[in-house]
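Novice: The file below is work.txt, compact mmCIF, N, CA and C atoms:
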# COMPACT_ATOMS: atom_id res chain seq x y z
N VAL A 1 -9.91 -5.89 -7.90
CA VAL A 1 -10.81 -6.67 -8.75
C VAL A 1 -11.38 -5.77 -9.84
N GLN A 2 -11.28 -6.21 -11.06
CA GLN A 2 -11.90 -5.49 -12.17
C GLN A 2 -13.05 -6.30 -12.70
N LEU A 3 -14.14 -5.61 -13.00
CA LEU A 3 -15.37 -6.28 -13.42
C LEU A 3 -15.82 -5.75 -14.77
N GLN A 4 -16.30 -6.65 -15.60
CA GLN A 4 -16.83 -6.24 -16.90
C GLN A 4 -18.11 -7.01 -17.16
N ALA A 5 -19.17 -6.25 -17.38
CA ALA A 5 -20.49 -6.84 -17.58
C ALA A 5 -20.81 -6.94 -19.07
N PHE A 6 -21.52 -8.01 -19.42
CA PHE A 6 -21.92 -8.26 -20.80
C PHE A 6 -23.38 -8.71 -20.84
N GLY A 7 -23.98 -8.60 -22.02
CA GLY A 7 -25.24 -9.28 -22.24
C GLY A 7 -26.47 -8.41 -22.29
N GLY A 8 -26.34 -7.13 -22.09
CA GLY A 8 -27.51 -6.27 -22.15
C GLY A 8 -28.02 -6.15 -23.58
N GLY A 9 -29.22 -5.57 -23.68
CA GLY A 9 -29.80 -5.38 -25.00
C GLY A 9 -31.28 -5.08 -24.90
N TRP A 10 -31.94 -5.24 -26.01
CA TRP A 10 -33.38 -4.96 -26.10
C TRP A 10 -34.13 -6.27 -26.12
N VAL A 11 -35.23 -6.32 -25.39
CA VAL A 11 -36.05 -7.53 -25.34
C VAL A 11 -37.50 -7.13 -25.13
N GLN A 12 -38.40 -7.92 -25.64
CA GLN A 12 -39.82 -7.66 -25.44
C GLN A 12 -40.26 -8.15 -24.06
N ALA A 13 -41.28 -7.54 -23.55
CA ALA A 13 -41.83 -7.96 -22.26
C ALA A 13 -42.18 -9.45 -22.31
N GLY A 14 -41.83 -10.13 -21.23
CA GLY A 14 -42.03 -11.57 -21.16
C GLY A 14 -40.83 -12.37 -21.61
N GLY A 15 -39.88 -11.70 -22.21
CA GLY A 15 -38.69 -12.38 -22.71
C GLY A 15 -37.64 -12.57 -21.64
N SER A 16 -36.48 -13.06 -22.08
CA SER A 16 -35.39 -13.40 -21.16
C SER A 16 -34.07 -12.82 -21.66
N VAL A 17 -33.23 -12.53 -20.72
CA VAL A 17 -31.87 -12.06 -21.01
C VAL A 17 -30.95 -12.63 -19.95
N ARG A 18 -29.74 -12.99 -20.34
CA ARG A 18 -28.75 -13.41 -19.35
C ARG A 18 -27.57 -12.45 -19.39
N LEU A 19 -27.29 -11.88 -18.24
CA LEU A 19 -26.13 -11.01 -18.09
C LEU A 19 -24.97 -11.81 -17.52
N SER A 20 -23.77 -11.44 -17.95
CA SER A 20 -22.55 -12.05 -17.43
C SER A 20 -21.65 -10.94 -16.90
N CYS A 21 -20.87 -11.29 -15.91
CA CYS A 21 -19.90 -10.34 -15.36
C CYS A 21 -18.60 -11.10 -15.12
N ALA A 22 -17.58 -10.74 -15.86
CA ALA A 22 -16.28 -11.38 -15.73
C ALA A 22 -15.41 -10.58 -14.78
N ALA A 23 -14.76 -11.29 -13.87
CA ALA A 23 -13.93 -10.63 -12.87
C ALA A 23 -12.48 -11.01 -13.06
N SER A 24 -11.59 -10.09 -12.79
CA SER A 24 -10.17 -10.38 -12.80
C SER A 24 -9.76 -10.71 -11.37
N GLY A 25 -8.58 -11.24 -11.18
CA GLY A 25 -8.12 -11.52 -9.83
C GLY A 25 -8.20 -13.00 -9.48
N ARG A 26 -7.39 -13.40 -8.55
CA ARG A 26 -7.29 -14.81 -8.19
C ARG A 26 -8.15 -15.18 -6.99
N THR A 27 -8.87 -14.22 -6.42
CA THR A 27 -9.64 -14.50 -5.20
C THR A 27 -11.13 -14.31 -5.43
N PHE A 28 -11.57 -14.53 -6.65
CA PHE A 28 -12.96 -14.33 -7.01
C PHE A 28 -13.90 -15.09 -6.09
N ARG A 29 -13.54 -16.32 -5.77
CA ARG A 29 -14.45 -17.16 -5.00
C ARG A 29 -14.67 -16.65 -3.59
N SER A 30 -13.82 -15.73 -3.13
CA SER A 30 -13.94 -15.22 -1.77
C SER A 30 -14.81 -13.96 -1.70
N TYR A 31 -15.32 -13.50 -2.83
CA TYR A 31 -16.13 -12.29 -2.85
C TYR A 31 -17.61 -12.62 -2.98
N THR A 32 -18.42 -11.82 -2.31
CA THR A 32 -19.85 -11.80 -2.62
C THR A 32 -20.02 -10.96 -3.89
N MET A 33 -20.76 -11.50 -4.85
CA MET A 33 -21.00 -10.82 -6.12
C MET A 33 -22.45 -10.36 -6.17
N GLY A 34 -22.64 -9.13 -6.58
CA GLY A 34 -23.99 -8.58 -6.62
C GLY A 34 -24.31 -7.93 -7.95
N TRP A 35 -25.61 -7.81 -8.19
CA TRP A 35 -26.12 -7.05 -9.33
C TRP A 35 -27.03 -5.94 -8.79
N PHE A 36 -26.81 -4.77 -9.31
CA PHE A 36 -27.64 -3.62 -9.02
C PHE A 36 -28.15 -3.05 -10.32
N ARG A 37 -29.15 -2.19 -10.25
CA ARG A 37 -29.64 -1.55 -11.46
C ARG A 37 -30.06 -0.13 -11.17
N GLN A 38 -30.02 0.67 -12.22
CA GLN A 38 -30.45 2.06 -12.11
C GLN A 38 -31.27 2.43 -13.33
N ALA A 39 -32.53 2.71 -13.08
CA ALA A 39 -33.43 3.13 -14.15
C ALA A 39 -33.33 4.65 -14.32
N PRO A 40 -33.70 5.16 -15.48
CA PRO A 40 -33.63 6.61 -15.71
C PRO A 40 -34.41 7.38 -14.66
N GLY A 41 -33.77 8.35 -14.05
CA GLY A 41 -34.42 9.19 -13.08
C GLY A 41 -34.62 8.56 -11.72
N LYS A 42 -34.08 7.37 -11.52
CA LYS A 42 -34.25 6.68 -10.24
C LYS A 42 -32.90 6.38 -9.61
N GLU A 43 -32.94 6.07 -8.33
CA GLU A 43 -31.72 5.71 -7.64
C GLU A 43 -31.35 4.26 -7.95
N ARG A 44 -30.07 3.99 -7.79
CA ARG A 44 -29.60 2.62 -7.97
C ARG A 44 -30.23 1.72 -6.91
N GLU A 45 -30.60 0.52 -7.32
CA GLU A 45 -31.23 -0.40 -6.38
C GLU A 45 -30.62 -1.80 -6.50
N PHE A 46 -30.68 -2.50 -5.40
CA PHE A 46 -30.20 -3.87 -5.34
C PHE A 46 -31.10 -4.79 -6.14
N VAL A 47 -30.48 -5.76 -6.83
CA VAL A 47 -31.24 -6.75 -7.59
C VAL A 47 -31.03 -8.15 -7.01
N ALA A 48 -29.77 -8.56 -6.93
CA ALA A 48 -29.47 -9.93 -6.48
C ALA A 48 -28.01 -10.01 -6.06
N ALA A 49 -27.70 -11.01 -5.25
CA ALA A 49 -26.32 -11.24 -4.85
C ALA A 49 -26.13 -12.71 -4.55
N ILE A 50 -24.88 -13.15 -4.62
CA ILE A 50 -24.53 -14.51 -4.28
C ILE A 50 -23.29 -14.48 -3.41
N ARG A 51 -23.37 -15.07 -2.25
CA ARG A 51 -22.27 -15.05 -1.29
C ARG A 51 -21.09 -15.87 -1.79
N GLY A 52 -19.89 -15.40 -1.40
CA GLY A 52 -18.69 -16.14 -1.77
C GLY A 52 -18.55 -17.40 -0.94
N SER A 53 -18.89 -17.28 0.34
CA SER A 53 -18.82 -18.45 1.22
C SER A 53 -20.20 -19.07 1.35
N GLY A 54 -20.36 -20.25 0.84
CA GLY A 54 -21.64 -20.94 0.97
C GLY A 54 -22.56 -20.79 -0.22
N GLY A 55 -22.38 -19.72 -0.98
CA GLY A 55 -23.17 -19.56 -2.19
C GLY A 55 -24.62 -19.17 -1.98
N ARG A 56 -24.94 -18.65 -0.79
CA ARG A 56 -26.33 -18.25 -0.57
C ARG A 56 -26.71 -17.14 -1.54
N THR A 57 -27.93 -17.21 -2.05
CA THR A 57 -28.41 -16.20 -2.99
C THR A 57 -29.40 -15.25 -2.31
N LEU A 58 -29.34 -14.01 -2.71
CA LEU A 58 -30.20 -12.96 -2.17
C LEU A 58 -30.90 -12.27 -3.33
N TYR A 59 -32.18 -11.92 -3.14
CA TYR A 59 -32.93 -11.28 -4.21
C TYR A 59 -33.80 -10.14 -3.67
N ALA A 60 -33.93 -9.12 -4.49
CA ALA A 60 -34.92 -8.09 -4.21
C ALA A 60 -36.30 -8.69 -4.43
N ASP A 61 -37.27 -8.22 -3.68
CA ASP A 61 -38.63 -8.76 -3.81
C ASP A 61 -39.16 -8.58 -5.23
N SER A 62 -38.76 -7.52 -5.89
CA SER A 62 -39.31 -7.21 -7.21
C SER A 62 -38.86 -8.19 -8.29
N VAL A 63 -37.81 -8.96 -8.02
CA VAL A 63 -37.31 -9.90 -9.04
C VAL A 63 -37.37 -11.34 -8.58
N LYS A 64 -37.75 -11.56 -7.35
CA LYS A 64 -37.78 -12.92 -6.81
C LYS A 64 -38.72 -13.80 -7.64
N GLY A 65 -38.24 -14.96 -8.01
CA GLY A 65 -39.03 -15.87 -8.81
C GLY A 65 -38.88 -15.66 -10.31
N ARG A 66 -38.28 -14.55 -10.70
CA ARG A 66 -38.08 -14.26 -12.13
C ARG A 66 -36.60 -14.25 -12.50
N PHE A 67 -35.76 -13.79 -11.60
CA PHE A 67 -34.33 -13.69 -11.86
C PHE A 67 -33.59 -14.76 -11.06
N ALA A 68 -32.44 -15.19 -11.59
CA ALA A 68 -31.61 -16.16 -10.89
C ALA A 68 -30.15 -15.75 -11.05
N ILE A 69 -29.46 -15.66 -9.93
CA ILE A 69 -28.04 -15.34 -9.94
C ILE A 69 -27.25 -16.63 -9.72
N SER A 70 -26.13 -16.73 -10.40
CA SER A 70 -25.26 -17.90 -10.23
C SER A 70 -23.83 -17.47 -10.47
N ARG A 71 -22.91 -18.34 -10.10
CA ARG A 71 -21.51 -18.01 -10.31
C ARG A 71 -20.75 -19.25 -10.75
N ASP A 72 -19.71 -19.03 -11.52
CA ASP A 72 -18.81 -20.08 -11.95
C ASP A 72 -17.42 -19.67 -11.48
N ASN A 73 -17.00 -20.23 -10.37
CA ASN A 73 -15.72 -19.81 -9.80
C ASN A 73 -14.54 -20.21 -10.68
N ALA A 74 -14.71 -21.25 -11.47
CA ALA A 74 -13.62 -21.67 -12.37
C ALA A 74 -13.40 -20.65 -13.48
N ARG A 75 -14.46 -19.94 -13.83
CA ARG A 75 -14.38 -18.92 -14.88
C ARG A 75 -14.38 -17.50 -14.34
N ASP A 76 -14.40 -17.36 -13.02
CA ASP A 76 -14.43 -16.02 -12.41
C ASP A 76 -15.57 -15.18 -12.98
N THR A 77 -16.72 -15.78 -13.09
CA THR A 77 -17.84 -15.12 -13.74
C THR A 77 -19.11 -15.31 -12.91
N VAL A 78 -19.90 -14.25 -12.87
CA VAL A 78 -21.21 -14.31 -12.23
C VAL A 78 -22.26 -14.00 -13.29
N TYR A 79 -23.40 -14.66 -13.18
CA TYR A 79 -24.46 -14.53 -14.17
C TYR A 79 -25.75 -14.03 -13.51
N LEU A 80 -26.55 -13.38 -14.30
CA LEU A 80 -27.89 -13.01 -13.87
C LEU A 80 -28.86 -13.41 -14.98
N GLN A 81 -29.60 -14.48 -14.75
CA GLN A 81 -30.61 -14.93 -15.70
C GLN A 81 -31.90 -14.21 -15.37
N MET A 82 -32.41 -13.46 -16.34
CA MET A 82 -33.61 -12.65 -16.12
C MET A 82 -34.72 -13.17 -17.01
N ASN A 83 -35.77 -13.66 -16.42
CA ASN A 83 -36.92 -14.21 -17.14
C ASN A 83 -38.16 -13.37 -16.86
N SER A 84 -39.16 -13.58 -17.68
CA SER A 84 -40.45 -12.87 -17.52
C SER A 84 -40.23 -11.37 -17.32
N LEU A 85 -39.43 -10.81 -18.19
CA LEU A 85 -39.05 -9.41 -18.04
C LEU A 85 -40.24 -8.48 -18.24
N LYS A 86 -40.20 -7.39 -17.49
CA LYS A 86 -41.24 -6.38 -17.53
C LYS A 86 -40.63 -5.05 -17.94
N PRO A 87 -41.43 -4.14 -18.48
CA PRO A 87 -40.88 -2.83 -18.85
C PRO A 87 -40.20 -2.13 -17.67
N GLU A 88 -40.70 -2.36 -16.47
CA GLU A 88 -40.08 -1.72 -15.30
C GLU A 88 -38.72 -2.30 -14.94
N ASP A 89 -38.30 -3.37 -15.62
CA ASP A 89 -36.95 -3.91 -15.43
C ASP A 89 -35.93 -3.15 -16.28
N THR A 90 -36.39 -2.25 -17.12
CA THR A 90 -35.48 -1.46 -17.95
C THR A 90 -34.56 -0.63 -17.07
N ALA A 91 -33.26 -0.81 -17.27
CA ALA A 91 -32.28 -0.12 -16.43
C ALA A 91 -30.88 -0.45 -16.93
N VAL A 92 -29.92 0.29 -16.42
CA VAL A 92 -28.52 -0.10 -16.57
C VAL A 92 -28.21 -1.03 -15.40
N TYR A 93 -27.69 -2.18 -15.71
CA TYR A 93 -27.38 -3.20 -14.71
C TYR A 93 -25.88 -3.20 -14.44
N TYR A 94 -25.53 -3.16 -13.17
CA TYR A 94 -24.14 -3.14 -12.74
C TYR A 94 -23.83 -4.38 -11.91
N CYS A 95 -22.67 -4.97 -12.17
CA CYS A 95 -22.21 -6.01 -11.26
C CYS A 95 -21.23 -5.38 -10.29
N ALA A 96 -21.12 -5.98 -9.12
CA ALA A 96 -20.28 -5.44 -8.07
C ALA A 96 -19.73 -6.58 -7.22
N ALA A 97 -18.60 -6.31 -6.58
CA ALA A 97 -17.94 -7.31 -5.75
C ALA A 97 -17.70 -6.75 -4.35
N ALA A 98 -17.95 -7.60 -3.36
CA ALA A 98 -17.76 -7.20 -1.96
C ALA A 98 -16.96 -8.27 -1.24
N ARG A 99 -16.06 -7.85 -0.41
CA ARG A 99 -15.31 -8.81 0.40
C ARG A 99 -16.25 -9.50 1.39
N GLU A 100 -15.90 -10.71 1.75
CA GLU A 100 -16.71 -11.48 2.69
C GLU A 100 -16.39 -11.02 4.11
N THR A 101 -16.68 -9.76 4.40
CA THR A 101 -16.36 -9.18 5.69
C THR A 101 -17.41 -9.49 6.74
N TYR A 102 -18.66 -9.62 6.30
CA TYR A 102 -19.77 -9.73 7.23
C TYR A 102 -20.37 -11.13 7.21
N TYR A 103 -20.64 -11.67 8.38
CA TYR A 103 -21.28 -12.99 8.47
C TYR A 103 -22.73 -12.90 8.03
N SER A 104 -23.43 -11.88 8.49
CA SER A 104 -24.84 -11.72 8.14
C SER A 104 -24.96 -11.26 6.70
N SER A 105 -25.98 -11.75 6.02
CA SER A 105 -26.19 -11.38 4.62
C SER A 105 -26.93 -10.06 4.46
N THR A 106 -27.49 -9.55 5.53
CA THR A 106 -28.36 -8.37 5.45
C THR A 106 -27.69 -7.20 4.75
N ILE A 107 -26.46 -6.93 5.09
CA ILE A 107 -25.78 -5.75 4.55
C ILE A 107 -25.53 -5.88 3.06
N TYR A 108 -25.50 -7.09 2.54
CA TYR A 108 -25.21 -7.29 1.12
C TYR A 108 -26.41 -6.97 0.23
N TYR A 109 -27.53 -6.61 0.85
CA TYR A 109 -28.65 -6.08 0.11
C TYR A 109 -28.47 -4.59 -0.19
N THR A 110 -27.44 -4.00 0.38
CA THR A 110 -27.16 -2.59 0.17
C THR A 110 -25.87 -2.43 -0.61
N ALA A 111 -25.63 -1.23 -1.11
CA ALA A 111 -24.41 -0.98 -1.89
C ALA A 111 -23.18 -0.81 -1.00
N ARG A 112 -23.42 -0.65 0.29
CA ARG A 112 -22.34 -0.27 1.21
C ARG A 112 -21.11 -1.16 1.16
N PRO A 113 -21.23 -2.50 1.19
CA PRO A 113 -20.01 -3.32 1.26
C PRO A 113 -19.31 -3.55 -0.08
N TYR A 114 -19.93 -3.11 -1.18
CA TYR A 114 -19.40 -3.41 -2.51
C TYR A 114 -18.33 -2.38 -2.88
N ASP A 115 -17.10 -2.83 -2.99
CA ASP A 115 -15.98 -1.95 -3.26
C ASP A 115 -15.65 -1.84 -4.74
N TYR A 116 -16.06 -2.80 -5.51
CA TYR A 116 -15.68 -2.86 -6.92
C TYR A 116 -16.94 -2.93 -7.78
N TRP A 117 -16.92 -2.13 -8.85
CA TRP A 117 -18.10 -2.02 -9.72
C TRP A 117 -17.70 -2.15 -11.18
N GLY A 118 -18.55 -2.81 -11.95
CA GLY A 118 -18.36 -2.86 -13.38
C GLY A 118 -18.94 -1.63 -14.05
N GLN A 119 -18.84 -1.57 -15.36
CA GLN A 119 -19.21 -0.37 -16.10
C GLN A 119 -20.69 -0.29 -16.40
N GLY A 120 -21.44 -1.35 -16.21
CA GLY A 120 -22.87 -1.32 -16.46
C GLY A 120 -23.22 -1.76 -17.87
N THR A 121 -24.38 -2.40 -17.98
CA THR A 121 -24.89 -2.81 -19.28
C THR A 121 -26.39 -2.53 -19.30
N LEU A 122 -26.86 -1.96 -20.40
CA LEU A 122 -28.24 -1.50 -20.49
C LEU A 122 -29.15 -2.63 -20.95
N VAL A 123 -30.24 -2.81 -20.21
CA VAL A 123 -31.30 -3.73 -20.59
C VAL A 123 -32.56 -2.91 -20.82
N THR A 124 -33.13 -3.04 -22.00
CA THR A 124 -34.35 -2.31 -22.34
C THR A 124 -35.45 -3.32 -22.62
N VAL A 125 -36.54 -3.21 -21.88
CA VAL A 125 -37.67 -4.12 -22.04
C VAL A 125 -38.84 -3.31 -22.60
N SER A 126 -39.28 -3.70 -23.78
CA SER A 126 -40.38 -2.98 -24.42
C SER A 126 -41.70 -3.69 -24.17
N SER A 127 -42.75 -2.91 -24.07
CA SER A 127 -44.09 -3.49 -23.81
C SER A 127 -44.78 -3.89 -25.10
Can you dump the structure from the file as structure tokens?
Specialist:
Amino acid sequence: VQLQAFGGGWVQAGGSVRLSCAASGRTFRSYTMGWFRQAPGKEREFVAAIRGSGGRTLYADSVKGRFAISRDNARDTVYLQMNSLKPEDTAVYYCAAARETYYSSTIYYTARPYDYWGQGTLVTVSS
């Protein structure tokens, strides 16, 4: 699976940005798709994920209620709608794909099951 992320840029605090991640391959719908981010000087952290089977969505507490992840299996694309952005949301955002190996969603909050990663797109939120 090859992933390519789009949509990063500069936005003022309180604004919105939508990221897209296009995937190659014919089995997109069978993968859990996730978004992670890495701010300067910090470790990469989980942001959101959407399960391939059932479509359950998972969110980090820091973005819950502000961000929304969705997927369009017909277009092999996953989206991250980011609203009410804060300066602390500034980071490089990466999309990632994980096989539906685990029944429990808990592990998909970590980077461990994600085998495929996109190149990242920078989101800068100014105060």
Novice: Can you tell me, as a PyMOL selection string, which residues in chain A count as strand (DSSP E) by DSSP?
Specialist: chain A and resi 3-6+9-12+17-23+31-38+45-50+57-59+67-72+77-82+91-99+114-117+121-126
Novice: Can you measure CA of Gly7 (chain A) to atom N of Ser20 (chain A) for me? One decimal in Å is fine.
Specialist: 5.0 Å
Novice: Residues near region 56-73 of chain A, anyone? I mean within 6 Å using only C-alpha atoms, not counting same-chain ones fewer than 6 positions away, as a list in words.
Specialist: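 The filter keeps Arg29, Val47, Ala48, Ala49, Ile50, Tyr79, Leu80, Gln81, Met82 and Asn83 of chain A.
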Novice: Work out how far apart CA of Arg18 (chain A) and CA of Thr110 (chain A) are and give it in Å to one decimal.
Specialist: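 Distance reported for this atom pair: 22.4 Å.
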Novice: List every residue of region 27-110 of chain A that DSSP, applied to the backbone, labels as helix (DSSP H, G or I), and write the result as a ChimeraX atom specification.
Specialist: /A:28-30,87-89,106-109
Novice: So how many Å separate CA of Gln4 (chain A) and CA of Gly118 (chain A), to one decimal?
Specialist: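 Computing it gives 5.1 Å between the two atoms.
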Novice: From (-31.3, -2.3, -14.6), in the file's coordinates, out to 6.5 Å: which residues are reached, counting all atoms listed in the file? Answer as an MDAnalysis selection string.
Specialist: chainID A and resid 36:39 89:94 123
Novice: What's around Gly9 (chain A) at 6.5 Å? Count only N, CA and C atoms, leave out sequence neighbours fewer than 3 positions away in its own chain, and write the answer as a PyMOL selection string.
Specialist: chain A and resi 121-125
Novice: Output the selection as a tab-separated table (two decimals), in the frame of the given file - N, CA and C atoms for each residue.
Specialist:
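So out12.tsv came out as:
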chain	number	residue	atom	x	y	z
A	121	THR	N	-24.38	-2.40	-17.98
A	121	THR	CA	-24.89	-2.81	-19.28
A	121	THR	C	-26.39	-2.53	-19.30
A	122	LEU	N	-26.86	-1.96	-20.40
A	122	LEU	CA	-28.24	-1.50	-20.49
A	122	LEU	C	-29.15	-2.63	-20.95
A	123	VAL	N	-30.24	-2.81	-20.21
A	123	VAL	CA	-31.30	-3.73	-20.59
A	123	VAL	C	-32.56	-2.91	-20.82
A	124	THR	N	-33.13	-3.04	-22.00
A	124	THR	CA	-34.35	-2.31	-22.34
A	124	THR	C	-35.45	-3.32	-22.62
A	125	VAL	N	-36.54	-3.21	-21.88
A	125	VAL	CA	-37.67	-4.12	-22.04
A	125	VAL	C	-38.84	-3.31	-22.60
Novice: Nearest to Gly120 (chain A): which of A:Ala74, A:Val17, A:Leu85, A:Cys95 is it, counting only C-alpha atoms?
Specialist: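 Nearest to Gly120 (chain A): A:Cys95.
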Novice: Between A:Gln119, A:Thr101, A:Gln2, A:Thr106, which is the closest to Tyr31 (chain A) once you count only N, CA and C atoms?
Specialist: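 Among the listed residues, the smallest separation from Tyr31 (chain A) belongs to A:Thr101.
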Novice: Let me make sure I understand: among A:Ala13, A:Ala5, A:Ala98, A:Ala111, which one has the smallest atom-to-atom distance to Thr27 (chain A) if we use only C-alpha atoms?
Specialist: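 Result for the nearest residue to Thr27 (chain A): A:Ala98.
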Novice: Check the smallest atom-to-atom distance from each of A:Pro87, A:Ala23, A:Arg99, A:Gly8 to Asp115 (chain A) using all atoms listed in the file, then report the winner.
Specialist: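 Answer, going by the shortest atom-to-atom distance: A:Arg99.
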Novice: Can you work out which one of A:Ser126, A:Gly41, A:Ser16, A:Ser24 has the shortest atom-to-atom distance to Val78 (chain A), counting only C-alpha atoms?
Specialist: A:Ser24
Novice: Just the residues within 7 Å of Glu100 (chain A), please, counting all atoms listed in the file, with nothing from its chain fewer than 4 positions along; format it as a JSON list (two decimals) with N, CA and C atoms, in the coordinates of the input.
Specialist:
[["chain", "number", "residue", "atom", "x", "y", "z"],
["A", 30, "SER", "N", -13.82, -15.73, -3.13],
["A", 30, "SER", "CA", -13.94, -15.22, -1.77],
["A", 30, "SER", "C", -14.81, -13.96, -1.70],
["A", 31, "TYR", "N", -15.32, -13.50, -2.83],
["A", 31, "TYR", "CA", -16.13, -12.29, -2.85],
["A", 31, "TYR", "C", -17.61, -12.62, -2.98],
["A", 32, "THR", "N", -18.42, -11.82, -2.31],
["A", 32, "THR", "CA", -19.85, -11.80, -2.62],
["A", 32, "THR", "C", -20.02, -10.96, -3.89],
["A", 52, "GLY", "N", -19.89, -15.40, -1.40],
["A", 52, "GLY", "CA", -18.69, -16.14, -1.77],
["A", 52, "GLY", "C", -18.55, -17.40, -0.94],
["A", 53, "SER", "N", -18.89, -17.28, 0.34],
["A", 53, "SER", "CA", -18.82, -18.45, 1.22],
["A", 53, "SER", "C", -20.20, -19.07, 1.35]]
